[in-house]
Amino acid sequence: MNIGLRQAISRKEQKLESRIFCLKNGPVRVYGAVDIEDANGRHTITTSMVHELCRCGASRVAPFCDGSHENISFVSE
Ligand code: FES
């Protein structure tokens, strides 16, 4: 990646309030305060800056990850 493009991306990232990472064989990690709406329309406005959201379907505290993905050997890809 050239330096100009890298600097442009860096400047763009600095303006973002949240960032999302899909962890290999695990949850989606969200950095930043967000408003999470579940399938029933309930909102959770997060106050901490790091959250992990389940994407394996096994969590007992959905939409958040409770580590159950390890028990079912979840494979993300
Ligand atoms: S991704 Fe962790 S419990 Fe589903």
# chains A, B, ... in the order shown; residues from 1 in each chain; ligands from 1
call {"tool": "closest_atom_pairs", "arguments": {"of": "chain A", "to": "ligand 1", "cutoff": "8 Å", "atoms": "only C-alpha atoms and all ligand atoms", "output": "tab-separated table"}}
result
residue	atom	partner	partner_atom_place_in_ligand_line	distance
A:Asn25	CA	ligand 1	1 (S)	7.6
A:Gly26	CA	ligand 1	1 (S)	4.6
A:Pro27	CA	ligand 1	1 (S)	3.8
A:Val28	CA	ligand 1	1 (S)	7.2
A:Glu52	CA	ligand 1	2 (Fe)	7.6
A:Leu53	CA	ligand 1	1 (S)	6.5
A:Cys54	CA	ligand 1	1 (S)	3.7
A:Arg55	CA	ligand 1	1 (S)	4.6
A:Cys56	CA	ligand 1	4 (Fe)	4.0
A:Gly57	CA	ligand 1	4 (Fe)	5.3
A:Ala58	CA	ligand 1	4 (Fe)	5.1
A:Ser59	CA	ligand 1	3 (S)	4.0
A:Arg60	CA	ligand 1	3 (S)	7.5
A:Ala62	CA	ligand 1	3 (S)	7.9
A:Phe64	CA	ligand 1	3 (S)	7.2
A:Cys65	CA	ligand 1	2 (Fe)	3.9
A:Asp66	CA	ligand 1	3 (S)	4.7
A:Gly67	CA	ligand 1	2 (Fe)	4.4
A:Ser68	CA	ligand 1	3 (S)	4.0
A:His69	CA	ligand 1	3 (S)	4.3
A:Glu70	CA	ligand 1	2 (Fe)	7.1
A:Phe74	CA	ligand 1	1 (S)	7.6
call {"tool": "write_last_selection", "arguments": {"atoms": "C-alpha atoms", "output": "PDB file, in the first residue's frame"}}
result
ATOM      1  CA  ASN A  25     -13.773 -18.588  14.926  1.00  0.00           C
ATOM      2  CA  GLY A  26     -15.279 -16.198  17.448  1.00  0.00           C
ATOM      3  CA  PRO A  27     -17.447 -13.165  18.022  1.00  0.00           C
ATOM      4  CA  VAL A  28     -17.633  -9.774  16.404  1.00  0.00           C
ATOM      5  CA  GLU A  52     -18.228  -8.829  21.711  1.00  0.00           C
ATOM      6  CA  LEU A  53     -21.314  -9.893  19.788  1.00  0.00           C
ATOM      7  CA  CYS A  54     -22.182 -13.541  19.189  1.00  0.00           C
ATOM      8  CA  ARG A  55     -22.180 -14.816  15.638  1.00  0.00           C
ATOM      9  CA  CYS A  56     -22.192 -18.547  16.362  1.00  0.00           C
ATOM     10  CA  GLY A  57     -25.773 -18.670  17.684  1.00  0.00           C
ATOM     11  CA  ALA A  58     -24.883 -20.536  20.897  1.00  0.00           C
ATOM     12  CA  SER A  59     -24.662 -17.648  23.361  1.00  0.00           C
ATOM     13  CA  ARG A  60     -27.043 -17.669  26.326  1.00  0.00           C
ATOM     14  CA  ALA A  62     -27.343 -12.968  23.051  1.00  0.00           C
ATOM     15  CA  PHE A  64     -23.475 -10.758  23.386  1.00  0.00           C
ATOM     16  CA  CYS A  65     -20.842 -13.494  23.283  1.00  0.00           C
ATOM     17  CA  ASP A  66     -20.538 -15.626  26.418  1.00  0.00           C
ATOM     18  CA  GLY A  67     -17.702 -17.833  25.196  1.00  0.00           C
ATOM     19  CA  SER A  68     -20.001 -20.684  24.090  1.00  0.00           C
ATOM     20  CA  HIS A  69     -18.448 -20.606  20.612  1.00  0.00           C
ATOM     21  CA  GLU A  70     -15.482 -22.460  22.104  1.00  0.00           C
ATOM     22  CA  PHE A  74     -17.431 -22.642  15.985  1.00  0.00           C
TER      23      PHE A  74
END
call {"tool": "residues_around", "arguments": {"residues": "Ile20 in chain A", "least_positions_apart": "3", "cutoff": "10 Å", "atoms": "only C-alpha atoms", "output": "ChimeraX atom specification"}}
result
/A:23,28-32,50-52
call {"tool": "select_by_dssp", "arguments": {"residues": "chain A", "states": "strand (DSSP E)", "output": "PyMOL selection string"}}
result
chain A and resi 19-22+28-31+35-37+43-45+50-53
call {"tool": "write_last_selection", "arguments": {"atoms": "C-alpha atoms", "output": "short mmCIF file (atom, residue, chain, number, x, y, z; two decimals), in the first residue's frame"}}
result
data_model
loop_
_atom_site.label_atom_id
_atom_site.label_comp_id
_atom_site.auth_asym_id
_atom_site.auth_seq_id
_atom_site.Cartn_x
_atom_site.Cartn_y
_atom_site.Cartn_z
CA ARG A 19 -14.74 -0.04 14.70
CA ILE A 20 -15.79 -3.64 14.15
CA PHE A 21 -13.58 -6.70 13.89
CA CYS A 22 -14.74 -10.23 13.02
CA VAL A 28 -17.63 -9.77 16.40
CA ARG A 29 -15.67 -7.31 18.52
CA VAL A 30 -16.97 -3.75 18.54
CA TYR A 31 -14.93 -0.82 19.76
CA ASP A 35 -26.83 1.28 20.18
CA ILE A 36 -27.55 -2.45 19.72
CA GLU A 37 -31.10 -3.49 18.74
CA HIS A 43 -32.12 -1.58 22.57
CA THR A 44 -28.92 -1.82 24.54
CA ILE A 45 -26.88 1.32 24.52
CA VAL A 50 -15.35 -2.86 23.85
CA HIS A 51 -18.12 -5.39 23.24
CA GLU A 52 -18.23 -8.83 21.71
CA LEU A 53 -21.31 -9.89 19.79
#
call {"tool": "decode", "arguments": {"residues": "range 30-55 of chain A", "atoms": "N, CA and C atoms", "output": "PDB file, in the first residue's frame"}}
result
ATOM      1  N   VAL A  30     -16.606  -5.122  18.881  1.00  0.00           N
ATOM      2  CA  VAL A  30     -16.971  -3.750  18.541  1.00  0.00           C
ATOM      3  C   VAL A  30     -16.269  -2.811  19.506  1.00  0.00           C
ATOM      4  N   TYR A  31     -15.567  -1.859  18.958  1.00  0.00           N
ATOM      5  CA  TYR A  31     -14.925  -0.815  19.760  1.00  0.00           C
ATOM      6  C   TYR A  31     -15.729   0.467  19.592  1.00  0.00           C
ATOM      7  N   GLY A  32     -16.102   1.062  20.697  1.00  0.00           N
ATOM      8  CA  GLY A  32     -16.839   2.313  20.647  1.00  0.00           C
ATOM      9  C   GLY A  32     -18.242   2.144  21.188  1.00  0.00           C
ATOM     10  N   ALA A  33     -18.831   3.234  21.623  1.00  0.00           N
ATOM     11  CA  ALA A  33     -20.200   3.202  22.143  1.00  0.00           C
ATOM     12  C   ALA A  33     -21.165   3.015  20.983  1.00  0.00           C
ATOM     13  N   VAL A  34     -22.103   2.070  21.136  1.00  0.00           N
ATOM     14  CA  VAL A  34     -23.061   1.789  20.069  1.00  0.00           C
ATOM     15  C   VAL A  34     -24.438   1.515  20.668  1.00  0.00           C
ATOM     16  N   ASP A  35     -25.448   1.638  19.829  1.00  0.00           N
ATOM     17  CA  ASP A  35     -26.829   1.278  20.181  1.00  0.00           C
ATOM     18  C   ASP A  35     -27.105  -0.046  19.482  1.00  0.00           C
ATOM     19  N   ILE A  36     -27.309  -1.121  20.277  1.00  0.00           N
ATOM     20  CA  ILE A  36     -27.552  -2.451  19.723  1.00  0.00           C
ATOM     21  C   ILE A  36     -29.035  -2.767  19.843  1.00  0.00           C
ATOM     22  N   GLU A  37     -29.685  -3.120  18.733  1.00  0.00           N
ATOM     23  CA  GLU A  37     -31.098  -3.494  18.735  1.00  0.00           C
ATOM     24  C   GLU A  37     -31.192  -4.977  18.434  1.00  0.00           C
ATOM     25  N   ASP A  38     -31.856  -5.748  19.336  1.00  0.00           N
ATOM     26  CA  ASP A  38     -31.984  -7.184  19.091  1.00  0.00           C
ATOM     27  C   ASP A  38     -33.196  -7.462  18.201  1.00  0.00           C
ATOM     28  N   ALA A  39     -33.458  -8.747  17.940  1.00  0.00           N
ATOM     29  CA  ALA A  39     -34.530  -9.129  17.023  1.00  0.00           C
ATOM     30  C   ALA A  39     -35.907  -8.757  17.539  1.00  0.00           C
ATOM     31  N   ASN A  40     -36.024  -8.515  18.849  1.00  0.00           N
ATOM     32  CA  ASN A  40     -37.306  -8.120  19.430  1.00  0.00           C
ATOM     33  C   ASN A  40     -37.450  -6.610  19.580  1.00  0.00           C
ATOM     34  N   GLY A  41     -36.495  -5.888  19.053  1.00  0.00           N
ATOM     35  CA  GLY A  41     -36.562  -4.436  19.088  1.00  0.00           C
ATOM     36  C   GLY A  41     -36.054  -3.812  20.366  1.00  0.00           C
ATOM     37  N   ARG A  42     -35.490  -4.633  21.257  1.00  0.00           N
ATOM     38  CA  ARG A  42     -34.930  -4.082  22.493  1.00  0.00           C
ATOM     39  C   ARG A  42     -33.575  -3.443  22.204  1.00  0.00           C
ATOM     40  N   HIS A  43     -33.372  -2.296  22.784  1.00  0.00           N
ATOM     41  CA  HIS A  43     -32.120  -1.577  22.571  1.00  0.00           C
ATOM     42  C   HIS A  43     -31.214  -1.714  23.781  1.00  0.00           C
ATOM     43  N   THR A  44     -29.946  -1.894  23.511  1.00  0.00           N
ATOM     44  CA  THR A  44     -28.923  -1.825  24.540  1.00  0.00           C
ATOM     45  C   THR A  44     -27.930  -0.775  24.090  1.00  0.00           C
ATOM     46  N   ILE A  45     -27.857   0.290  24.837  1.00  0.00           N
ATOM     47  CA  ILE A  45     -26.878   1.319  24.522  1.00  0.00           C
ATOM     48  C   ILE A  45     -25.668   1.048  25.381  1.00  0.00           C
ATOM     49  N   THR A  46     -24.595   0.685  24.743  1.00  0.00           N
ATOM     50  CA  THR A  46     -23.418   0.258  25.480  1.00  0.00           C
ATOM     51  C   THR A  46     -22.677   1.461  26.055  1.00  0.00           C
ATOM     52  N   THR A  47     -22.140   1.235  27.216  1.00  0.00           N
ATOM     53  CA  THR A  47     -21.391   2.313  27.851  1.00  0.00           C
ATOM     54  C   THR A  47     -19.894   2.008  27.900  1.00  0.00           C
ATOM     55  N   SER A  48     -19.546   0.718  27.813  1.00  0.00           N
ATOM     56  CA  SER A  48     -18.125   0.397  27.768  1.00  0.00           C
ATOM     57  C   SER A  48     -17.654   0.525  26.322  1.00  0.00           C
ATOM     58  N   MET A  49     -16.392   0.531  26.120  1.00  0.00           N
ATOM     59  CA  MET A  49     -15.865   0.809  24.789  1.00  0.00           C
ATOM     60  C   MET A  49     -15.530  -0.436  23.982  1.00  0.00           C
ATOM     61  N   VAL A  50     -15.627  -1.626  24.584  1.00  0.00           N
ATOM     62  CA  VAL A  50     -15.352  -2.860  23.848  1.00  0.00           C
ATOM     63  C   VAL A  50     -16.476  -3.844  24.144  1.00  0.00           C
ATOM     64  N   HIS A  51     -17.047  -4.424  23.099  1.00  0.00           N
ATOM     65  CA  HIS A  51     -18.125  -5.389  23.236  1.00  0.00           C
ATOM     66  C   HIS A  51     -17.865  -6.524  22.263  1.00  0.00           C
ATOM     67  N   GLU A  52     -18.348  -7.702  22.625  1.00  0.00           N
ATOM     68  CA  GLU A  52     -18.228  -8.829  21.711  1.00  0.00           C
ATOM     69  C   GLU A  52     -19.615  -9.383  21.461  1.00  0.00           C
ATOM     70  N   LEU A  53     -19.988  -9.433  20.190  1.00  0.00           N
ATOM     71  CA  LEU A  53     -21.314  -9.893  19.788  1.00  0.00           C
ATOM     72  C   LEU A  53     -21.223 -11.298  19.219  1.00  0.00           C
ATOM     73  N   CYS A  54     -22.164 -12.150  19.637  1.00  0.00           N
ATOM     74  CA  CYS A  54     -22.182 -13.541  19.189  1.00  0.00           C
ATOM     75  C   CYS A  54     -22.510 -13.637  17.706  1.00  0.00           C
ATOM     76  N   ARG A  55     -21.807 -14.495  17.014  1.00  0.00           N
ATOM     77  CA  ARG A  55     -22.180 -14.816  15.638  1.00  0.00           C
ATOM     78  C   ARG A  55     -22.229 -16.313  15.415  1.00  0.00           C
TER      79      ARG A  55
END
